[in-house]
Amino acid sequence: MRTADVLVAREDDARVADRLADGWTVVARSWGARLDAGRVDLDALRVLAGGARGLGDLRELGPGDVDAVLALDAATREDYPGGVATRHVPLTREAAGISAARRAWGVIDPADRLVALTYVDVDGSRAETDFTVVARAHRGRGLGAAVKAASVLALTHDGVATFRTGGAAENAAILAANARIGYRVDERWATLAPPV
C-alpha cells in the first residue's frame, strides 16, 4: 500500500469520520505521548535504568558506536509493528550519526554486542524519541524501558522540559514501558485506506 493511498489523521479529525462513512477502513492505529520534566519520578527512572544490570552495560552512545547501531538496526528492521505512520526507516551511516541534537542510549551485552537502543532528537528544551529497539533474543527483560528511562534521566538533567514519544497501538511492550516511565498518551491516530 502506497502512502498516497492512505489517510493518516488524529482520530478526532473530522476527515476520519467522513472517510469511514464513505467506506474507508482503519488499517492501523498509533499514538503519541507526552512527559513533562516536572512530573518525572527520578527514583523510578533510576530503578528502570538499573534493570539493565546483569544483562549489560547501559550507557549513552557516541560516534564510535555507529557500526554497532547499524548492525542492530539491520537485524531488527522488520520488527516494527504498525503501518505507514510508525514505519521505521532503516538507518544510513548519516542517519545513525550521534550529536548534541541526536542522542542515543544503548545496552552493550557481556559479549560486546549492542542489544538495546533508543535514539532521541533534542531541540532546545524539547526531546522526541525517534525509535527504540531491542534485539529479539533480549526482549521481555525490560531493556527497552531501561534505555528510555536512561535517556529521560540524562536529558532532564540537561534541561529538557518536554518529552514526546509515539508508536503503533499494537506494540503493547512499548506502551507499558512508556507508562512506567511516566508518559501519558495524549494523541490517538488512525491510518485509513479507501475501499477496494
# chains A, B, ... in the order shown; residues from 1 in each chain; ligands from 1
$ residues_around --residues "A:Ile98" --least-positions-apart "3" --cutoff "9 Å" --atoms "only C-alpha atoms" --output "NGL selection string"
:A and (61-63 or 65-66 or 94-95 or 101-104 or 119)
$ write_last_selection --atoms "all heavy atoms" --output "PDB file, in the first residue's frame"
ATOM      1  N   LEU A  61      25.509   6.448  24.051  1.00  0.00           N
ATOM      2  CA  LEU A  61      26.348   6.035  22.935  1.00  0.00           C
ATOM      3  C   LEU A  61      27.021   7.244  22.301  1.00  0.00           C
ATOM      4  O   LEU A  61      26.562   8.380  22.441  1.00  0.00           O
ATOM      5  CB  LEU A  61      25.513   5.289  21.896  1.00  0.00           C
ATOM      6  CG  LEU A  61      24.783   4.047  22.416  1.00  0.00           C
ATOM      7  CD1 LEU A  61      23.934   3.423  21.298  1.00  0.00           C
ATOM      8  CD2 LEU A  61      25.747   3.027  22.991  1.00  0.00           C
ATOM      9  N   GLY A  62      28.106   6.990  21.592  1.00  0.00           N
ATOM     10  CA  GLY A  62      28.840   8.042  20.912  1.00  0.00           C
ATOM     11  C   GLY A  62      29.160   7.659  19.489  1.00  0.00           C
ATOM     12  O   GLY A  62      28.784   6.580  19.007  1.00  0.00           O
ATOM     13  N   PRO A  63      29.888   8.523  18.784  1.00  0.00           N
ATOM     14  CA  PRO A  63      30.213   8.258  17.381  1.00  0.00           C
ATOM     15  C   PRO A  63      30.902   6.913  17.154  1.00  0.00           C
ATOM     16  O   PRO A  63      30.720   6.289  16.106  1.00  0.00           O
ATOM     17  CB  PRO A  63      31.116   9.429  17.002  1.00  0.00           C
ATOM     18  CG  PRO A  63      30.696  10.530  17.930  1.00  0.00           C
ATOM     19  CD  PRO A  63      30.350   9.849  19.224  1.00  0.00           C
ATOM     20  N   ASP A  65      30.150   4.175  18.328  1.00  0.00           N
ATOM     21  CA  ASP A  65      29.185   3.081  18.413  1.00  0.00           C
ATOM     22  C   ASP A  65      28.337   2.920  17.152  1.00  0.00           C
ATOM     23  O   ASP A  65      27.456   2.056  17.109  1.00  0.00           O
ATOM     24  CB  ASP A  65      28.250   3.316  19.604  1.00  0.00           C
ATOM     25  CG  ASP A  65      28.996   3.289  20.924  1.00  0.00           C
ATOM     26  OD1 ASP A  65      29.662   2.270  21.200  1.00  0.00           O
ATOM     27  OD2 ASP A  65      28.903   4.282  21.680  1.00  0.00           O
ATOM     28  N   VAL A  66      28.574   3.725  16.138  1.00  0.00           N
ATOM     29  CA  VAL A  66      27.699   3.725  14.962  1.00  0.00           C
ATOM     30  C   VAL A  66      27.669   2.375  14.255  1.00  0.00           C
ATOM     31  O   VAL A  66      26.603   1.920  13.817  1.00  0.00           O
ATOM     32  CB  VAL A  66      28.067   4.881  14.004  1.00  0.00           C
ATOM     33  CG1 VAL A  66      27.349   4.745  12.665  1.00  0.00           C
ATOM     34  CG2 VAL A  66      27.709   6.222  14.649  1.00  0.00           C
ATOM     35  N   GLU A  94      24.754   8.142   7.956  1.00  0.00           N
ATOM     36  CA  GLU A  94      24.467   9.546   8.293  1.00  0.00           C
ATOM     37  C   GLU A  94      23.324   9.649   9.302  1.00  0.00           C
ATOM     38  O   GLU A  94      23.410  10.392  10.278  1.00  0.00           O
ATOM     39  CB  GLU A  94      24.121  10.325   7.027  1.00  0.00           C
ATOM     40  CG  GLU A  94      23.870  11.794   7.282  1.00  0.00           C
ATOM     41  CD  GLU A  94      23.560  12.568   6.009  1.00  0.00           C
ATOM     42  OE1 GLU A  94      23.841  12.064   4.901  1.00  0.00           O
ATOM     43  OE2 GLU A  94      23.022  13.680   6.138  1.00  0.00           O
ATOM     44  N   ALA A  95      22.239   8.906   9.091  1.00  0.00           N
ATOM     45  CA  ALA A  95      21.090   8.956  10.000  1.00  0.00           C
ATOM     46  C   ALA A  95      21.428   8.393  11.379  1.00  0.00           C
ATOM     47  O   ALA A  95      20.795   8.745  12.368  1.00  0.00           O
ATOM     48  CB  ALA A  95      19.912   8.200   9.405  1.00  0.00           C
ATOM     49  N   ALA A 101      22.248  17.176  19.085  1.00  0.00           N
ATOM     50  CA  ALA A 101      20.832  17.240  18.712  1.00  0.00           C
ATOM     51  C   ALA A 101      20.229  15.866  18.448  1.00  0.00           C
ATOM     52  O   ALA A 101      19.013  15.738  18.347  1.00  0.00           O
ATOM     53  CB  ALA A 101      20.664  18.111  17.467  1.00  0.00           C
ATOM     54  N   ARG A 102      21.061  14.842  18.343  1.00  0.00           N
ATOM     55  CA  ARG A 102      20.584  13.469  18.083  1.00  0.00           C
ATOM     56  C   ARG A 102      21.396  12.543  18.984  1.00  0.00           C
ATOM     57  O   ARG A 102      22.512  12.155  18.652  1.00  0.00           O
ATOM     58  CB  ARG A 102      20.760  13.114  16.618  1.00  0.00           C
ATOM     59  CG  ARG A 102      20.159  11.751  16.264  1.00  0.00           C
ATOM     60  CD  ARG A 102      19.809  11.722  14.791  1.00  0.00           C
ATOM     61  NE  ARG A 102      19.454  10.393  14.309  1.00  0.00           N
ATOM     62  CZ  ARG A 102      18.247   9.847  14.461  1.00  0.00           C
ATOM     63  NH1 ARG A 102      17.307  10.494  15.107  1.00  0.00           N
ATOM     64  NH2 ARG A 102      18.006   8.640  13.969  1.00  0.00           N
ATOM     65  N   ARG A 103      20.786  12.208  20.112  1.00  0.00           N
ATOM     66  CA  ARG A 103      21.495  11.431  21.127  1.00  0.00           C
ATOM     67  C   ARG A 103      20.933  10.011  21.194  1.00  0.00           C
ATOM     68  O   ARG A 103      19.812   9.765  20.770  1.00  0.00           O
ATOM     69  CB  ARG A 103      21.400  12.142  22.470  1.00  0.00           C
ATOM     70  CG  ARG A 103      22.145  13.489  22.413  1.00  0.00           C
ATOM     71  CD  ARG A 103      21.968  14.342  23.623  1.00  0.00           C
ATOM     72  NE  ARG A 103      22.592  13.771  24.813  1.00  0.00           N
ATOM     73  CZ  ARG A 103      22.568  14.390  25.996  1.00  0.00           C
ATOM     74  NH1 ARG A 103      21.961  15.559  26.137  1.00  0.00           N
ATOM     75  NH2 ARG A 103      23.132  13.815  27.044  1.00  0.00           N
ATOM     76  N   ALA A 104      21.747   9.107  21.723  1.00  0.00           N
ATOM     77  CA  ALA A 104      21.352   7.699  21.776  1.00  0.00           C
ATOM     78  C   ALA A 104      21.878   7.038  23.046  1.00  0.00           C
ATOM     79  O   ALA A 104      22.948   7.399  23.546  1.00  0.00           O
ATOM     80  CB  ALA A 104      21.880   6.959  20.558  1.00  0.00           C
ATOM     81  N   TYR A 119      17.024   6.214  20.255  1.00  0.00           N
ATOM     82  CA  TYR A 119      17.518   7.474  19.684  1.00  0.00           C
ATOM     83  C   TYR A 119      16.521   8.569  20.032  1.00  0.00           C
ATOM     84  O   TYR A 119      15.307   8.366  19.914  1.00  0.00           O
ATOM     85  CB  TYR A 119      17.618   7.379  18.161  1.00  0.00           C
ATOM     86  CG  TYR A 119      18.997   7.058  17.648  1.00  0.00           C
ATOM     87  CD1 TYR A 119      19.549   5.791  17.811  1.00  0.00           C
ATOM     88  CD2 TYR A 119      19.756   8.027  17.006  1.00  0.00           C
ATOM     89  CE1 TYR A 119      20.808   5.496  17.331  1.00  0.00           C
ATOM     90  CE2 TYR A 119      21.021   7.737  16.520  1.00  0.00           C
ATOM     91  CZ  TYR A 119      21.542   6.470  16.691  1.00  0.00           C
ATOM     92  OH  TYR A 119      22.795   6.181  16.215  1.00  0.00           O
TER      93      TYR A 119
END
$ select_by_dssp --residues "stretch 16-194 of chain A" --states "helix (DSSP H, G or I)" --output "PyMOL selection string"
chain A and resi 16-21+37-39+42-50+63-76+84-86+136-138+143-157+172-181
$ select_by_dssp --residues "stretch 2-184 of chain A" --states "strand (DSSP E)" --output "VMD selection string"
chain A and resid 7 to 10 25 to 36 57 to 60 102 to 108 114 to 123 126 to 134 162 to 168 184
$ residues_around --residues "A:Leu45" --least-positions-apart "3" --cutoff "12 Å" --atoms "only C-alpha atoms" --output "PyMOL selection string"
chain A and resi 37+39-42+48-51+145-154+156+177-183
$ write_last_selection --atoms "N, CA, C and O atoms" --output "CSV table (one decimal), in the first residue's frame"
chain,number,residue,atom,x,y,z
A,37,ALA,N,9.0,17.3,32.3
A,37,ALA,CA,10.1,17.1,33.3
A,37,ALA,C,9.6,17.3,34.7
A,37,ALA,O,10.1,16.6,35.7
A,39,ARG,N,7.1,16.3,36.1
A,39,ARG,CA,6.4,15.2,36.6
A,39,ARG,C,7.3,13.9,36.6
A,39,ARG,O,6.8,12.8,37.0
A,40,VAL,N,8.5,14.1,36.3
A,40,VAL,CA,9.4,12.9,36.2
A,40,VAL,C,9.7,12.4,37.7
A,40,VAL,O,10.1,13.2,38.5
A,41,ASP,N,9.6,11.1,37.9
A,41,ASP,CA,9.9,10.5,39.1
A,41,ASP,C,11.4,9.9,38.9
A,41,ASP,O,11.6,8.8,38.4
A,42,LEU,N,12.4,10.7,39.4
A,42,LEU,CA,13.8,10.3,39.1
A,42,LEU,C,14.1,9.0,39.8
A,42,LEU,O,14.8,8.2,39.2
A,48,LEU,N,14.3,1.7,36.8
A,48,LEU,CA,14.1,1.2,35.5
A,48,LEU,C,15.4,1.1,34.7
A,48,LEU,O,15.7,0.0,34.1
A,49,ALA,N,16.2,2.1,34.8
A,49,ALA,CA,17.5,2.1,34.1
A,49,ALA,C,18.4,1.0,34.7
A,49,ALA,O,19.1,0.3,34.0
A,50,GLY,N,18.3,0.8,36.0
A,50,GLY,CA,19.1,-0.2,36.7
A,50,GLY,C,18.7,-1.6,36.3
A,50,GLY,O,19.4,-2.6,36.6
A,51,GLY,N,17.5,-1.8,35.7
A,51,GLY,CA,17.1,-3.1,35.2
A,51,GLY,C,18.0,-3.7,34.2
A,51,GLY,O,17.9,-4.9,34.0
A,145,ALA,N,12.6,-0.3,28.3
A,145,ALA,CA,12.3,0.7,29.4
A,145,ALA,C,13.6,1.2,29.9
A,145,ALA,O,13.6,2.4,30.3
A,146,ALA,N,14.6,0.4,30.1
A,146,ALA,CA,15.8,0.9,30.7
A,146,ALA,C,16.5,2.0,29.9
A,146,ALA,O,16.9,3.0,30.4
A,147,VAL,N,16.6,1.7,28.5
A,147,VAL,CA,17.3,2.8,27.7
A,147,VAL,C,16.5,4.0,27.6
A,147,VAL,O,17.0,5.1,27.6
A,148,LYS,N,15.1,3.9,27.6
A,148,LYS,CA,14.3,5.1,27.5
A,148,LYS,C,14.4,5.9,28.9
A,148,LYS,O,14.5,7.1,28.9
A,149,ALA,N,14.4,5.1,30.0
A,149,ALA,CA,14.5,5.8,31.3
A,149,ALA,C,15.8,6.5,31.4
A,149,ALA,O,15.9,7.6,31.9
A,150,ALA,N,16.9,5.9,30.9
A,150,ALA,CA,18.2,6.5,31.0
A,150,ALA,C,18.3,7.8,30.2
A,150,ALA,O,18.8,8.8,30.6
A,151,SER,N,17.6,7.8,29.0
A,151,SER,CA,17.6,9.0,28.2
A,151,SER,C,16.8,10.1,28.9
A,151,SER,O,17.3,11.3,28.9
A,152,VAL,N,15.7,9.8,29.5
A,152,VAL,CA,14.9,10.8,30.2
A,152,VAL,C,15.7,11.4,31.4
A,152,VAL,O,15.7,12.6,31.6
A,153,LEU,N,16.4,10.5,32.1
A,153,LEU,CA,17.2,10.9,33.3
A,153,LEU,C,18.3,11.9,32.8
A,153,LEU,O,18.4,13.0,33.4
A,154,ALA,N,19.0,11.5,31.8
A,154,ALA,CA,20.1,12.4,31.3
A,154,ALA,C,19.6,13.7,30.7
A,154,ALA,O,20.1,14.8,31.0
A,156,THR,N,16.7,15.2,31.3
A,156,THR,CA,16.1,16.1,32.3
A,156,THR,C,17.2,16.8,33.0
A,156,THR,O,17.1,18.1,33.3
A,177,ALA,N,6.1,0.2,28.8
A,177,ALA,CA,7.4,0.8,29.2
A,177,ALA,C,7.2,2.3,29.3
A,177,ALA,O,7.6,2.9,30.3
A,178,ASN,N,6.5,2.9,28.4
A,178,ASN,CA,6.3,4.4,28.4
A,178,ASN,C,5.5,4.7,29.7
A,178,ASN,O,5.7,5.7,30.3
A,179,ALA,N,4.4,3.9,30.0
A,179,ALA,CA,3.6,4.2,31.1
A,179,ALA,C,4.5,4.1,32.4
A,179,ALA,O,4.3,5.0,33.3
A,180,ARG,N,5.4,3.2,32.5
A,180,ARG,CA,6.2,3.1,33.7
A,180,ARG,C,7.1,4.3,33.8
A,180,ARG,O,7.5,4.7,34.9
A,181,ILE,N,7.6,4.8,32.7
A,181,ILE,CA,8.5,6.0,32.7
A,181,ILE,C,7.7,7.2,33.1
A,181,ILE,O,8.3,8.1,33.7
A,182,GLY,N,6.4,7.3,32.8
A,182,GLY,CA,5.6,8.4,33.2
A,182,GLY,C,4.9,9.1,32.0
A,182,GLY,O,4.2,10.1,32.2
A,183,TYR,N,5.1,8.6,30.8
A,183,TYR,CA,4.4,9.2,29.6
A,183,TYR,C,2.9,9.0,29.7
A,183,TYR,O,2.5,8.0,30.2
$ residues_around --residues "A:Arg77" --least-positions-apart "3" --cutoff "10 Å" --atoms "only C-alpha atoms" --output "VMD selection string"
chain A and resid 72 to 74 80 87 to 91 133
$ write_last_selection --atoms "N, CA, C and O atoms" --output "PDB file, in the first residue's frame"
ATOM      1  N   LEU A  72      22.585  -3.582  14.778  1.00  0.00           N
ATOM      2  CA  LEU A  72      21.321  -3.861  15.458  1.00  0.00           C
ATOM      3  C   LEU A  72      20.147  -3.414  14.596  1.00  0.00           C
ATOM      4  O   LEU A  72      19.134  -4.118  14.493  1.00  0.00           O
ATOM      5  N   ASP A  73      20.277  -2.267  13.953  1.00  0.00           N
ATOM      6  CA  ASP A  73      19.207  -1.775  13.084  1.00  0.00           C
ATOM      7  C   ASP A  73      18.950  -2.764  11.941  1.00  0.00           C
ATOM      8  O   ASP A  73      17.796  -3.065  11.625  1.00  0.00           O
ATOM      9  N   ALA A  74      20.000  -3.282  11.335  1.00  0.00           N
ATOM     10  CA  ALA A  74      19.837  -4.239  10.234  1.00  0.00           C
ATOM     11  C   ALA A  74      19.174  -5.523  10.728  1.00  0.00           C
ATOM     12  O   ALA A  74      18.329  -6.101  10.033  1.00  0.00           O
ATOM     13  N   TYR A  80       9.297  -3.740  13.411  1.00  0.00           N
ATOM     14  CA  TYR A  80       8.480  -2.611  13.852  1.00  0.00           C
ATOM     15  C   TYR A  80       7.025  -2.820  13.437  1.00  0.00           C
ATOM     16  O   TYR A  80       6.742  -2.970  12.254  1.00  0.00           O
ATOM     17  N   ARG A  87       6.211   3.600  10.542  1.00  0.00           N
ATOM     18  CA  ARG A  87       7.264   2.892   9.806  1.00  0.00           C
ATOM     19  C   ARG A  87       8.645   3.373  10.251  1.00  0.00           C
ATOM     20  O   ARG A  87       8.890   4.566  10.383  1.00  0.00           O
ATOM     21  N   HIS A  88       9.539   2.414  10.462  1.00  0.00           N
ATOM     22  CA  HIS A  88      10.931   2.741  10.778  1.00  0.00           C
ATOM     23  C   HIS A  88      11.736   2.721   9.486  1.00  0.00           C
ATOM     24  O   HIS A  88      11.748   1.715   8.778  1.00  0.00           O
ATOM     25  N   VAL A  89      12.357   3.814   9.190  1.00  0.00           N
ATOM     26  CA  VAL A  89      13.210   3.890   8.006  1.00  0.00           C
ATOM     27  C   VAL A  89      14.585   3.357   8.397  1.00  0.00           C
ATOM     28  O   VAL A  89      15.192   3.854   9.354  1.00  0.00           O
ATOM     29  N   PRO A  90      15.078   2.325   7.724  1.00  0.00           N
ATOM     30  CA  PRO A  90      16.393   1.785   8.070  1.00  0.00           C
ATOM     31  C   PRO A  90      17.457   2.886   8.089  1.00  0.00           C
ATOM     32  O   PRO A  90      17.453   3.796   7.253  1.00  0.00           O
ATOM     33  N   LEU A  91      18.336   2.783   9.063  1.00  0.00           N
ATOM     34  CA  LEU A  91      19.346   3.817   9.244  1.00  0.00           C
ATOM     35  C   LEU A  91      20.432   3.731   8.178  1.00  0.00           C
ATOM     36  O   LEU A  91      20.845   2.644   7.780  1.00  0.00           O
ATOM     37  N   VAL A 133      14.544   0.087  20.128  1.00  0.00           N
ATOM     38  CA  VAL A 133      14.509  -1.296  19.664  1.00  0.00           C
ATOM     39  C   VAL A 133      15.386  -2.162  20.568  1.00  0.00           C
ATOM     40  O   VAL A 133      16.372  -1.688  21.125  1.00  0.00           O
TER      41      VAL A 133
END
$ residues_around --residues "stretch 25-34 of chain A" --least-positions-apart "3" --cutoff "7 Å" --atoms "only C-alpha atoms" --output "ChimeraX atom specification"
/A:20,82-83,163-169,183-194
$ closest_residue --among "A:Asp123, A:Glu128, A:Val84, A:Val107" --to "A:Gly144" --atoms "only C-alpha atoms"
A:Val107
$ atom_distance --atom1 "atom CA of A:Asp5" --atom2 "atom CA of A:Asp130"
24.5 Å
$ decode --residues "stretch 85-145 of chain A" --atoms "C-alpha atoms" --output "tab-separated table (two decimals), in the first residue's frame"
chain	number	residue	atom	x	y	z
A	85	ALA	CA	2.54	6.28	10.42
A	86	THR	CA	5.00	4.26	12.50
A	87	ARG	CA	7.26	2.89	9.81
A	88	HIS	CA	10.93	2.74	10.78
A	89	VAL	CA	13.21	3.89	8.01
A	90	PRO	CA	16.39	1.78	8.07
A	91	LEU	CA	19.35	3.82	9.24
A	92	THR	CA	22.11	5.01	6.99
A	93	ARG	CA	25.50	5.88	8.45
A	94	GLU	CA	24.47	9.55	8.29
A	95	ALA	CA	21.09	8.96	10.00
A	96	ALA	CA	22.86	6.94	12.73
A	97	GLY	CA	25.13	9.90	13.46
A	98	ILE	CA	25.17	10.96	17.10
A	99	SER	CA	25.39	14.62	18.07
A	100	ALA	CA	24.12	17.11	20.64
A	101	ALA	CA	20.83	17.24	18.71
A	102	ARG	CA	20.58	13.47	18.08
A	103	ARG	CA	21.50	11.43	21.13
A	104	ALA	CA	21.35	7.70	21.78
A	105	TRP	CA	21.48	5.27	24.71
A	106	GLY	CA	22.14	1.57	24.49
A	107	VAL	CA	22.86	-1.64	26.35
A	108	ILE	CA	26.06	-3.48	25.46
A	109	ASP	CA	25.93	-7.15	26.49
A	110	PRO	CA	28.88	-9.09	28.01
A	111	ALA	CA	29.80	-10.31	24.51
A	112	ASP	CA	30.24	-6.62	23.48
A	113	ARG	CA	27.10	-6.57	21.29
A	114	LEU	CA	24.61	-3.71	21.27
A	115	VAL	CA	21.31	-5.34	22.27
A	116	ALA	CA	19.02	-2.39	23.06
A	117	LEU	CA	18.90	1.13	21.73
A	118	THR	CA	16.91	4.37	21.80
A	119	TYR	CA	17.52	7.47	19.68
A	120	VAL	CA	16.22	10.85	20.82
A	121	ASP	CA	16.11	14.08	18.81
A	122	VAL	CA	16.70	17.15	21.00
A	123	ASP	CA	15.60	20.67	20.12
A	124	GLY	CA	16.36	23.06	22.96
A	125	SER	CA	14.07	22.17	25.86
A	126	ARG	CA	12.11	19.58	23.84
A	127	ALA	CA	13.05	16.00	23.04
A	128	GLU	CA	11.31	13.37	20.92
A	129	THR	CA	12.13	9.68	20.79
A	130	ASP	CA	12.83	8.69	17.20
A	131	PHE	CA	12.81	4.93	17.89
A	132	THR	CA	13.59	2.29	20.48
A	133	VAL	CA	14.51	-1.30	19.66
A	134	VAL	CA	15.72	-4.42	21.47
A	135	ALA	CA	17.41	-7.43	19.85
A	136	ARG	CA	14.97	-10.33	19.52
A	137	ALA	CA	16.86	-12.63	21.92
A	138	HIS	CA	16.82	-9.96	24.65
A	139	ARG	CA	13.17	-8.88	24.58
A	140	GLY	CA	10.93	-9.15	27.61
A	141	ARG	CA	13.70	-8.22	30.07
A	142	GLY	CA	12.97	-4.52	30.48
A	143	LEU	CA	15.80	-3.26	28.29
A	144	GLY	CA	13.54	-1.01	26.18
A	145	ALA	CA	12.29	0.67	29.35
